[in-house]
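For reference, query-v7.txt (compact mmCIF, C-alpha atoms (C1' of nucleotides)):
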```
# COMPACT_ATOMS: atom_id res chain seq x y z
CA MET Z 11 7.58 95.51 116.12
CA ASN Z 12 11.34 95.85 116.62
CA ASP Z 13 13.57 97.82 114.29
CA ALA Z 14 14.76 94.85 112.30
CA GLU Z 15 11.24 93.66 111.59
CA GLN Z 16 10.29 97.22 110.70
CA THR Z 17 13.00 97.52 108.04
CA ARG Z 18 11.98 94.14 106.69
CA GLN Z 19 8.41 95.38 106.34
CA ASN Z 20 9.62 98.59 104.74
CA ILE Z 21 11.51 96.58 102.17
CA LEU Z 22 8.48 94.41 101.49
CA THR Z 23 6.07 97.29 100.98
CA ALA Z 24 8.50 99.24 98.82
CA ALA Z 25 9.23 96.15 96.77
CA ALA Z 26 5.53 95.35 96.44
CA ASP Z 27 4.86 98.81 95.06
CA GLU Z 28 7.83 98.76 92.69
CA ILE Z 29 6.96 95.31 91.39
CA HIS Z 30 3.38 96.41 90.88
CA GLN Z 31 4.51 99.43 88.92
CA HIS Z 32 7.36 98.02 86.85
CA GLY Z 33 7.10 94.24 87.05
CA PHE Z 34 9.50 91.93 88.81
CA LYS Z 35 12.40 91.84 86.40
CA ALA Z 36 12.37 95.57 85.75
CA THR Z 37 12.30 96.33 89.45
CA SER Z 38 15.73 97.52 90.51
CA LEU Z 39 17.03 96.66 93.93
CA SER Z 40 18.85 99.99 94.11
CA VAL Z 41 15.53 101.82 93.79
CA ILE Z 42 14.16 99.85 96.72
CA LEU Z 43 17.29 100.67 98.70
CA ASN Z 44 16.87 104.37 97.99
CA ARG Z 45 13.20 104.33 98.91
CA CYS Z 46 13.94 102.60 102.21
CA GLU Z 47 17.13 104.55 102.80
CA ILE Z 48 19.05 101.42 103.60
CA SER Z 49 22.12 99.78 102.20
CA LYS Z 50 22.45 96.73 100.03
CA GLY Z 51 23.85 94.86 103.00
CA ALA Z 52 20.64 95.43 104.91
CA LEU Z 53 18.52 94.02 102.12
CA TYR Z 54 20.67 90.95 101.69
CA HIS Z 55 20.62 90.44 105.42
CA HIS Z 56 16.83 89.99 105.30
CA PHE Z 57 16.50 88.30 101.92
CA THR Z 58 18.90 85.89 100.32
CA SER Z 59 18.22 86.98 96.74
CA LYS Z 60 15.99 89.13 94.60
CA ILE Z 61 13.70 86.27 93.77
CA GLU Z 62 13.30 85.31 97.41
CA LEU Z 63 12.27 88.89 98.04
CA GLY Z 64 9.76 88.49 95.24
CA TYR Z 65 8.35 85.35 96.80
CA ALA Z 66 8.04 87.10 100.15
CA VAL Z 67 6.18 90.01 98.55
CA PHE Z 68 3.85 87.55 96.90
CA GLU Z 69 3.12 85.58 100.03
CA GLU Z 70 3.11 88.31 102.65
CA ILE Z 71 1.68 91.25 100.73
CA TYR Z 72 -0.20 90.30 97.60
CA THR Z 73 -1.82 87.02 98.61
CA PRO Z 74 -3.42 88.10 101.91
CA MET Z 75 -4.55 91.42 100.46
CA PHE Z 76 -6.10 89.60 97.54
CA LEU Z 77 -7.83 86.77 99.36
CA ASP Z 78 -9.17 89.07 102.06
CA LEU Z 79 -10.75 91.27 99.45
CA TRP Z 80 -12.53 88.39 97.77
CA GLN Z 81 -13.43 86.80 101.07
CA SER Z 82 -15.19 89.91 102.29
CA ALA Z 83 -16.97 90.28 98.97
CA LEU Z 84 -18.29 86.73 99.21
CA SER Z 85 -19.14 86.74 102.92
CA VAL Z 86 -22.61 88.17 102.47
CA GLU Z 87 -26.05 86.73 102.30
CA ASP Z 88 -26.15 86.62 98.54
CA PRO Z 89 -22.66 86.06 97.09
CA VAL Z 90 -23.96 86.74 93.59
CA GLU Z 91 -24.88 90.25 94.57
CA GLY Z 92 -21.74 90.40 96.68
CA LEU Z 93 -19.60 89.80 93.61
CA CYS Z 94 -21.51 92.31 91.55
CA THR Z 95 -21.18 95.07 94.11
CA PHE Z 96 -17.53 94.11 94.55
CA PHE Z 97 -16.82 94.45 90.87
CA THR Z 98 -18.86 97.61 90.51
CA SER Z 99 -17.13 99.25 93.43
CA MET Z 100 -13.83 98.35 91.80
CA THR Z 101 -14.75 100.43 88.77
CA GLU Z 102 -15.55 103.36 91.03
CA GLN Z 103 -12.72 103.20 93.51
CA MET Z 104 -10.15 102.22 90.95
CA SER Z 105 -7.20 104.49 91.46
CA CYS Z 106 -5.21 105.81 88.58
CA SER Z 107 -2.32 103.50 89.38
CA GLU Z 108 -4.60 100.51 89.29
CA VAL Z 109 -5.96 101.47 85.90
CA VAL Z 110 -2.46 101.92 84.58
CA CYS Z 111 -0.68 99.12 86.41
CA GLY Z 112 -3.39 96.50 86.58
CA CYS Z 113 -3.73 93.80 89.18
CA PRO Z 114 -0.39 92.90 90.79
CA LEU Z 115 -1.13 89.20 90.77
CA ASN Z 116 -2.31 89.17 87.20
CA ASN Z 117 0.81 91.08 86.19
CA LEU Z 118 3.07 88.68 88.02
CA CYS Z 119 1.30 85.76 86.43
CA GLU Z 120 1.81 87.19 82.98
CA GLU Z 121 5.44 88.01 83.57
CA MET Z 122 6.78 85.17 85.66
CA ALA Z 123 4.52 82.12 85.37
CA ASN Z 124 6.36 80.72 82.38
CA VAL Z 125 9.80 81.83 83.52
CA ASP Z 126 10.12 80.87 87.15
CA GLU Z 127 8.64 77.74 88.62
CA GLY Z 128 8.56 79.17 92.13
CA PHE Z 129 6.32 82.01 91.06
CA ARG Z 130 4.20 79.75 88.90
CA LEU Z 131 3.42 77.33 91.70
CA ARG Z 132 2.60 80.14 94.10
CA ILE Z 133 0.29 81.76 91.58
CA LEU Z 134 -1.33 78.45 90.81
CA SER Z 135 -1.93 77.71 94.46
CA MET Z 136 -3.49 81.10 94.98
CA GLN Z 137 -5.77 80.71 92.00
CA GLU Z 138 -6.97 77.41 93.35
CA GLN Z 139 -7.62 78.94 96.73
CA LEU Z 140 -9.57 81.76 95.12
CA ASN Z 141 -11.52 79.33 92.99
CA GLN Z 142 -12.44 77.29 96.04
CA LEU Z 143 -13.55 80.45 97.80
CA ILE Z 144 -15.95 81.31 95.01
CA VAL Z 145 -17.22 77.78 94.54
CA ASP Z 146 -17.93 77.44 98.25
CA ALA Z 147 -19.84 80.69 98.29
CA LEU Z 148 -21.92 79.75 95.27
CA GLU Z 149 -22.68 76.31 96.63
CA GLN Z 150 -24.29 77.88 99.64
CA ILE Z 151 -27.00 79.32 97.44
CA ASN Z 152 -27.09 76.34 95.12
CA ASP Z 153 -30.86 76.09 95.42
CA ASP Z 154 -31.27 79.53 93.90
CA LEU Z 155 -28.97 78.77 90.96
CA ARG Z 156 -29.82 77.24 87.64
CA ASP Z 157 -29.47 73.51 87.34
CA GLY Z 158 -26.53 71.93 85.60
CA LEU Z 159 -24.02 74.65 86.32
CA ALA Z 160 -20.38 73.63 86.54
CA LEU Z 161 -19.51 75.83 89.47
CA SER Z 162 -15.74 75.45 89.25
CA GLN Z 163 -15.90 76.28 85.57
CA VAL Z 164 -18.11 79.24 86.30
CA SER Z 165 -15.70 80.46 88.92
CA TYR Z 166 -12.68 80.26 86.64
CA PHE Z 167 -14.70 82.02 83.98
CA ILE Z 168 -15.42 84.91 86.32
CA VAL Z 169 -11.82 85.28 87.39
CA ALA Z 170 -10.52 85.01 83.85
CA THR Z 171 -12.90 87.69 82.66
CA LEU Z 172 -11.98 90.00 85.48
CA ASN Z 173 -8.30 89.60 84.69
CA GLY Z 174 -8.96 90.19 81.03
CA ALA Z 175 -10.88 93.33 81.91
CA THR Z 176 -7.99 94.82 83.88
CA THR Z 177 -5.62 94.06 81.03
CA LEU Z 178 -7.98 95.78 78.65
CA SER Z 179 -8.16 98.88 80.81
CA LYS Z 180 -4.38 99.00 80.92
CA SER Z 181 -4.05 99.48 77.20
CA SER Z 182 -7.02 101.77 76.85
CA ARG Z 183 -5.89 103.66 79.93
CA ASN Z 184 -9.37 104.54 80.95
CA LYS Z 185 -12.01 102.96 83.07
CA GLU Z 186 -14.69 102.86 80.44
CA LEU Z 187 -13.77 99.58 78.79
CA PHE Z 188 -13.27 98.02 82.18
CA GLN Z 189 -16.68 99.17 83.29
CA GLN Z 190 -18.28 97.77 80.17
CA VAL Z 191 -16.77 94.35 80.64
CA ILE Z 192 -17.72 94.42 84.31
CA ALA Z 193 -21.27 95.39 83.45
CA GLU Z 194 -21.52 92.46 81.08
CA LEU Z 195 -19.93 90.20 83.67
CA CYS Z 196 -22.54 91.20 86.23
CA LEU Z 197 -25.26 90.40 83.71
CA TYR Z 198 -23.70 86.95 83.31
CA ILE Z 199 -23.37 86.39 87.05
CA ARG Z 200 -26.93 87.41 87.83
CA ALA Z 201 -28.13 85.13 85.06
CA LEU Z 202 -26.70 82.23 87.04
CA LYS Z 203 -29.75 82.46 89.23
CA LYS Z 204 -33.00 80.82 88.37
CA MET W 14 12.55 88.98 47.65
CA ASN W 15 16.13 90.20 47.51
CA ASP W 16 18.74 89.32 50.09
CA ALA W 17 18.35 92.48 52.13
CA GLU W 18 14.63 92.04 52.45
CA GLN W 19 15.19 88.41 53.33
CA THR W 20 17.47 89.24 56.25
CA ARG W 21 14.99 91.84 57.42
CA GLN W 22 12.28 89.20 57.43
CA ASN W 23 14.58 86.78 59.24
CA ILE W 24 15.16 89.36 61.93
CA LEU W 25 11.45 90.03 62.24
CA THR W 26 10.46 86.40 62.60
CA ALA W 27 13.25 85.61 65.02
CA ALA W 28 12.39 88.69 67.07
CA ALA W 29 8.69 87.82 67.00
CA ASP W 30 9.43 84.40 68.41
CA GLU W 31 11.83 85.65 71.05
CA ILE W 32 9.45 88.39 72.17
CA HIS W 33 6.67 85.84 72.33
CA GLN W 34 8.76 83.57 74.51
CA HIS W 35 10.51 86.01 76.80
CA GLY W 36 8.71 89.31 76.48
CA PHE W 37 10.05 92.46 74.90
CA LYS W 38 12.39 93.73 77.59
CA ALA W 39 13.88 90.33 78.32
CA THR W 40 14.51 89.69 74.65
CA SER W 41 18.20 90.09 73.97
CA LEU W 42 19.36 91.48 70.69
CA SER W 43 22.42 89.25 70.78
CA VAL W 44 20.18 86.17 70.81
CA ILE W 45 18.41 87.43 67.72
CA LEU W 46 21.77 88.05 66.07
CA ASN W 47 22.87 84.50 66.83
CA ARG W 48 19.66 83.00 65.53
CA CYS W 49 19.92 84.94 62.30
CA GLU W 50 23.68 84.54 62.09
CA ILE W 51 24.15 88.20 61.39
CA SER W 52 26.07 90.99 63.04
CA LYS W 53 24.85 93.83 65.13
CA GLY W 54 25.60 96.17 62.28
CA ALA W 55 23.16 94.31 60.08
CA LEU W 56 20.38 94.64 62.62
CA TYR W 57 20.97 98.34 63.18
CA HIS W 58 21.07 98.83 59.46
CA HIS W 59 17.49 97.65 59.19
CA PHE W 60 16.12 98.97 62.48
CA THR W 61 17.10 102.16 64.26
CA SER W 62 16.59 100.80 67.77
CA LYS W 63 15.28 97.85 69.73
CA ILE W 64 11.92 99.45 70.27
CA GLU W 65 11.51 100.23 66.58
CA LEU W 66 12.17 96.56 65.92
CA GLY W 67 9.46 95.80 68.45
CA TYR W 68 7.01 98.08 66.69
CA ALA W 69 7.81 96.43 63.37
CA VAL W 70 7.22 92.98 64.84
CA PHE W 71 3.90 94.17 66.18
CA GLU W 72 2.74 95.72 62.94
CA GLU W 73 4.15 93.31 60.40
CA ILE W 74 3.91 89.99 62.24
CA TYR W 75 1.51 89.99 65.16
CA THR W 76 -1.25 92.26 63.90
CA PRO W 77 -1.89 90.68 60.49
CA MET W 78 -1.63 87.16 61.90
CA PHE W 79 -4.08 88.08 64.61
CA LEU W 80 -6.66 89.94 62.57
CA ASP W 81 -6.62 87.36 59.80
CA LEU W 82 -7.36 84.63 62.31
CA TRP W 83 -10.36 86.44 63.74
CA GLN W 84 -11.52 87.55 60.33
CA SER W 85 -11.65 84.01 59.03
CA ALA W 86 -13.43 82.87 62.17
CA LEU W 87 -16.11 85.51 61.73
CA SER W 88 -16.51 85.22 57.97
CA VAL W 89 -19.06 82.45 58.11
CA GLU W 90 -22.79 82.25 57.91
CA ASP W 91 -23.27 82.25 61.64
CA PRO W 92 -20.53 84.22 63.42
CA VAL W 93 -21.76 82.97 66.79
CA GLU W 94 -20.98 79.42 65.82
CA GLY W 95 -17.90 80.68 64.00
CA LEU W 96 -16.53 82.07 67.24
CA CYS W 97 -17.36 78.93 69.17
CA THR W 98 -15.64 76.62 66.72
CA PHE W 99 -12.73 79.07 66.57
CA PHE W 100 -12.30 78.97 70.32
CA THR W 101 -12.82 75.25 70.55
CA SER W 102 -10.28 74.56 67.85
CA MET W 103 -7.86 76.76 69.80
CA THR W 104 -8.10 74.41 72.74
CA GLU W 105 -7.33 71.47 70.50
CA GLN W 106 -4.63 72.88 68.29
CA MET W 107 -2.98 74.81 71.08
CA SER W 108 0.70 74.03 70.91
CA CYS W 109 2.79 73.66 74.01
CA SER W 110 4.46 76.99 73.44
CA GLU W 111 1.10 78.71 73.24
CA VAL W 112 -0.01 77.17 76.51
CA VAL W 113 3.20 78.25 78.17
CA CYS W 114 3.76 81.58 76.48
CA GLY W 115 0.22 82.78 75.96
CA CYS W 116 -0.99 85.14 73.29
CA PRO W 117 1.79 87.40 71.98
CA LEU W 118 -0.46 90.43 71.84
CA ASN W 119 -1.88 89.88 75.27
CA ASN W 120 1.64 89.49 76.62
CA LEU W 121 2.82 92.68 75.00
CA CYS W 122 -0.19 94.51 76.33
CA GLU W 123 0.56 93.33 79.84
CA GLU W 124 4.22 94.17 79.62
CA MET W 125 4.43 97.33 77.62
CA ALA W 126 1.08 99.15 77.62
CA ASN W 127 1.85 101.12 80.75
CA VAL W 128 5.52 101.60 79.97
CA ASP W 129 5.76 102.69 76.36
CA GLU W 130 3.23 104.92 74.68
CA GLY W 131 4.12 103.66 71.22
CA PHE W 132 3.22 100.13 72.11
CA ARG W 133 0.12 101.22 74.01
CA LEU W 134 -1.33 103.12 71.08
CA ARG W 135 -0.62 100.29 68.68
CA ILE W 136 -2.25 97.78 70.99
CA LEU W 137 -5.21 100.06 71.55
CA SER W 138 -5.71 100.56 67.84
CA MET W 139 -5.61 96.83 67.24
CA GLN W 140 -8.12 96.16 69.97
CA GLU W 141 -10.48 98.66 68.45
CA GLN W 142 -10.09 97.06 65.05
CA LEU W 143 -10.79 93.65 66.52
CA ASN W 144 -13.79 94.96 68.40
CA GLN W 145 -15.18 96.47 65.24
CA LEU W 146 -14.67 93.17 63.45
CA ILE W 147 -16.73 91.32 66.01
CA VAL W 148 -19.42 93.96 66.29
CA ASP W 149 -19.86 94.05 62.52
CA ALA W 150 -20.19 90.30 62.38
CA LEU W 151 -22.73 90.19 65.17
CA GLU W 152 -24.77 93.01 63.67
CA GLN W 153 -25.27 90.96 60.55
CA ILE W 154 -27.29 88.46 62.52
CA ASN W 155 -28.86 91.06 64.73
CA ASP W 156 -32.35 89.69 64.10
CA ASP W 157 -31.38 86.38 65.63
CA LEU W 158 -29.93 87.99 68.75
CA ARG W 159 -31.65 88.93 71.96
CA ASP W 160 -32.96 92.45 72.24
CA GLY W 161 -31.15 95.09 74.23
CA LEU W 162 -27.67 93.71 73.77
CA ALA W 163 -24.82 96.21 73.86
CA LEU W 164 -22.81 94.63 71.08
CA SER W 165 -19.61 96.58 71.63
CA GLN W 166 -19.75 95.69 75.31
CA VAL W 167 -20.39 92.07 74.44
CA SER W 168 -17.45 92.06 72.07
CA TYR W 169 -15.05 93.48 74.63
CA PHE W 170 -16.36 90.97 77.11
CA ILE W 171 -15.56 88.09 74.79
CA VAL W 172 -12.06 89.32 74.07
CA ALA W 173 -11.35 90.04 77.72
CA THR W 174 -12.46 86.57 78.74
CA LEU W 175 -10.36 84.94 76.06
CA ASN W 176 -7.30 86.86 77.20
CA GLY W 177 -7.99 85.96 80.79
CA ALA W 178 -8.29 82.33 79.79
CA THR W 179 -4.87 82.25 78.15
CA THR W 180 -3.35 83.90 81.19
CA LEU W 181 -4.97 81.29 83.37
CA SER W 182 -3.60 78.45 81.28
CA LYS W 183 -0.14 79.98 81.52
CA SER W 184 0.03 79.61 85.26
CA SER W 185 -1.71 76.26 85.40
CA ARG W 186 0.40 75.09 82.48
CA ASN W 187 -2.26 72.83 81.15
CA LYS W 188 -5.11 73.17 78.74
CA GLU W 189 -7.82 72.05 81.10
CA LEU W 190 -8.53 75.37 82.75
CA PHE W 191 -8.42 77.07 79.40
CA GLN W 192 -10.90 74.59 77.99
CA GLN W 193 -13.23 75.11 80.92
CA VAL W 194 -13.28 78.87 80.51
CA ILE W 195 -13.75 78.48 76.76
CA ALA W 196 -16.62 76.07 77.31
CA GLU W 197 -18.31 78.57 79.58
CA LEU W 198 -17.59 81.33 77.10
CA CYS W 199 -19.28 79.36 74.33
CA LEU W 200 -22.32 78.90 76.56
CA TYR W 201 -22.41 82.65 77.04
CA ILE W 202 -22.01 83.39 73.34
CA ARG W 203 -24.68 80.97 72.24
CA ALA W 204 -27.01 82.45 74.84
CA LEU W 205 -26.78 85.73 72.96
CA LYS W 206 -29.21 84.27 70.46
CA LYS W 207 -32.92 84.39 70.97
C1' DC B 26 36.79 101.28 35.14
C1' DT B 27 35.45 103.88 38.92
C1' DT B 28 32.46 105.92 41.89
C1' DG B 29 28.92 105.55 45.36
C1' DC B 30 25.93 103.62 48.29
C1' DA B 31 23.52 99.75 50.32
C1' DA B 32 24.45 95.91 53.20
C1' DC B 33 26.75 94.22 56.24
C1' DA B 34 30.93 93.13 59.96
C1' DT B 35 33.70 94.05 64.21
C1' DA B 36 35.42 96.20 68.02
C1' DC B 37 34.25 99.01 71.51
C1' DC B 38 31.65 101.84 75.09
C1' DA B 39 28.89 103.39 79.10
C1' DT B 40 25.53 101.82 82.07
C1' DG B 41 22.97 99.29 85.24
C1' DC B 42 22.24 95.04 87.06
C1' DG B 43 22.28 91.25 90.95
C1' DG B 44 25.34 89.68 94.09
C1' DT B 45 29.59 89.36 97.37
C1' DC B 46 32.53 90.44 101.05
C1' DG B 47 35.17 92.53 104.65
C1' DG B 48 34.19 95.70 107.97
C1' DT B 49 31.33 98.35 111.57
C1' DT B 50 27.74 99.34 114.89
C1' DA B 51 24.10 98.02 118.02
C1' DT B 52 21.92 94.71 120.89
C1' DT B 53 21.58 90.90 123.82
C1' DA B 54 22.99 86.95 126.63
C1' DT B 55 26.15 85.28 129.97
C1' DA E 13 32.25 93.69 131.48
C1' DT E 14 32.71 90.90 127.74
C1' DA E 15 31.72 87.87 124.22
C1' DA E 16 28.76 86.82 120.50
C1' DT E 17 25.65 87.68 117.22
C1' DA E 18 22.24 90.33 114.77
C1' DA E 19 21.77 94.32 111.89
C1' DC E 20 23.63 97.06 108.72
C1' DC E 21 27.16 99.60 105.66
C1' DG E 22 29.43 100.49 101.24
C1' DA E 23 32.93 99.46 98.05
C1' DC E 24 33.64 96.29 94.66
C1' DC E 25 32.94 92.51 90.98
C1' DG E 26 31.54 90.13 86.76
C1' DC E 27 28.38 90.34 83.39
C1' DA E 28 25.01 91.36 79.89
C1' DT E 29 22.74 94.92 77.89
C1' DG E 30 21.51 98.49 74.06
C1' DG E 31 23.90 101.39 71.25
C1' DT E 32 27.84 103.57 68.37
C1' DA E 33 31.74 104.28 65.30
C1' DT E 34 34.63 102.74 62.04
C1' DG E 35 35.79 99.56 58.61
C1' DT E 36 34.80 96.30 54.75
C1' DT E 37 32.39 94.03 50.90
C1' DG E 38 29.65 93.76 46.84
C1' DC E 39 26.62 95.30 43.45
C1' DA E 40 24.89 98.71 40.23
C1' DA E 41 24.74 102.97 37.85
C1' DG E 42 27.27 106.19 34.99
```
Turn this file's structure into structure tokens for me.
Amino acid sequence: MNDAEQTRQNILTAAADEIHQHGFKATSLSVILNRCEISKGALYHHFTSKIELGYAVFEEIYTPMFLDLWQSALSVEDPVEGLCTFFTSMTEQMSCSEVVCGCPLNNLCEEMANVDEGFRLRILSMQEQLNQLIVDALEQINDDLRDGLALSQVSYFIVATLNGATTLSKSSRNKELFQQVIAELCLYIRALKK
Amino acid sequence: MNDAEQTRQNILTAAADEIHQHGFKATSLSVILNRCEISKGALYHHFTSKIELGYAVFEEIYTPMFLDLWQSALSVEDPVEGLCTFFTSMTEQMSCSEVVCGCPLNNLCEEMANVDEGFRLRILSMQEQLNQLIVDALEQINDDLRDGLALSQVSYFIVATLNGATTLSKSSRNKELFQQVIAELCLYIRALKK
DNA sequence: CTTGCAACATACCATGCGGTCGGTTATTAT
DNA sequence: ATAATAACCGACCGCATGGTATGTTGCAAG
């Protein structure tokens, strides 16, 4: 990686962290500049505007990190158990910043979906990708599942609950509530089986 | 209500709407002043700062509106069915602004819980009140429910899912996803019974 | 009638923001 | 070697923000 690409990556990772911590609007470009020890000219050489930087963070940092996580959780023999262990390990490995700051994508959705169409469409696309991921995984064990399940609906339900759980843990500022919701979610997921 | 109290109420309702639409930080005091056709002096006569205005909106507008809604949904013979009809009617009566802007309390939680302790504690307190409301209602039909249910956990699960559903509908900008999650949630709730 | 305070109005301030622009250095192609 | 361009610097700009200080009006008690 040459120097230019390196500074671009530095900007992206710093911006990703700042946006995660403070949201997009409240993220100050000057803070990013300080963290990267670069000038404003450097930033605007790589990104045409703040919002384009935001899009790049979304597409190049958040999205792959997110989808890879879910993909690996679902790429097991039994995706139902895969999801449950995924969720449970989240409650254990959850760092303090994640308890406090929540999921970056969920945050961005809350903040920007109804304000900026570019963000909204990106979020929407990602949610559909994620939903497809889950549906595909569940369909592979369709024979073990109860009859009459609306798998897409089930998938959205799971994701919605998970997002709601992170939001809940943000206000309570402890893992306990999150763990409770996750425990109940695992009960629900396992009950999908016959 | 005298004139002073009337202007105070005007400020509160205008602020509540603006905060609902744009979030707390992005809400501009000058917009509120224009909507109410008052001066900045008037606002700062009634509220010492922007954040105190935010607290007042939370306590005097959002909280009672919210708790009353849930209370009336749960104050029926069968709270399980009460919740289901409550949720279902939400999907039908949901105005465009609610689809786009989401739940005011959920929004505030997302935006302010990890930034301002005053907001966080107020949100937390309200969530605990709401949880107690649901738990109390479910306990009254405990005999009809399955054994071994952790009612507090169940209650948090329901609230988390509902919040996640509104967030989902924000990014998709249509009711369909919301309705799907709600439909699945109703299945879950009804399955709490024996 | 006047005194006093509540209920406003208006002008102003410091600050931080995203963004621009002319200039400079480093790299690369010819 | 030189020309061209990428990569970067840093001063500056307009603007909107939350907040303050001073001034004005109107009502109500004494």
Compute the chain Z side of the contact with chain W at 7 Å, counting only C-alpha atoms, and hand it back as a VMD selection string. chain Z and resid 110 to 111 117 119 to 120 123 to 124 130 133 to 134 163 to 164 166 to 167 170 to 171 173 to 175 177 to 178 180 to 182 190 to 191 194
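Near chain B, the residues of chain Z that fall inside 10 Å (using only C-alpha atoms (C1' of nucleotides)) are Ala36, Ser38, Leu39, Ser40, Lys50, Gly51, Tyr54, Thr58, Ser59 and Lys60 of chain Z.
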Which is closer to chain E than all the others in W:Thr98, W:Thr26, W:Thr40, W:Gln142, using all atoms listed in the file?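 Answer, going by the shortest atom-to-atom distance: W:Thr40.
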Based on all atoms listed in the file, which of the residues in chain E come within 9 Å of chain W? I want them as number ranges by chain. E: 29-31
Once you count only C-alpha atoms (C1' of nucleotides), which residues end up no further than 12 Å from (4.5, 91.3, 60.4) in the file's frame, shown as a ChimeraX atom specification? /W:21-30,66-81
Write out as a compact mmCIF listing (two decimals) with C-alpha atoms, in the frame of the given file the residues lying within 12 Å of W:Leu82, counting only C-alpha atoms (C1' of nucleotides) and excluding same-chain residues fewer than 5 positions away.
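What landed in selection23.txt:
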```
# COMPACT_ATOMS: atom_id res chain seq x y z
CA TYR W 75 1.51 89.99 65.16
CA THR W 76 -1.25 92.26 63.90
CA PRO W 77 -1.89 90.68 60.49
CA LEU W 87 -16.11 85.51 61.73
CA SER W 88 -16.51 85.22 57.97
CA GLY W 95 -17.90 80.68 64.00
CA LEU W 96 -16.53 82.07 67.24
CA PHE W 99 -12.73 79.07 66.57
CA PHE W 100 -12.30 78.97 70.32
CA SER W 102 -10.28 74.56 67.85
CA MET W 103 -7.86 76.76 69.80
CA LEU W 143 -10.79 93.65 66.52
CA LEU W 146 -14.67 93.17 63.45
```
Any idea what the distance is between atom CA of Z:Glu102 and atom CA of Z:Ala201?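 If I compute the distance from atom CA of Z:Glu102 to atom CA of Z:Ala201, I get 22.9 Å.
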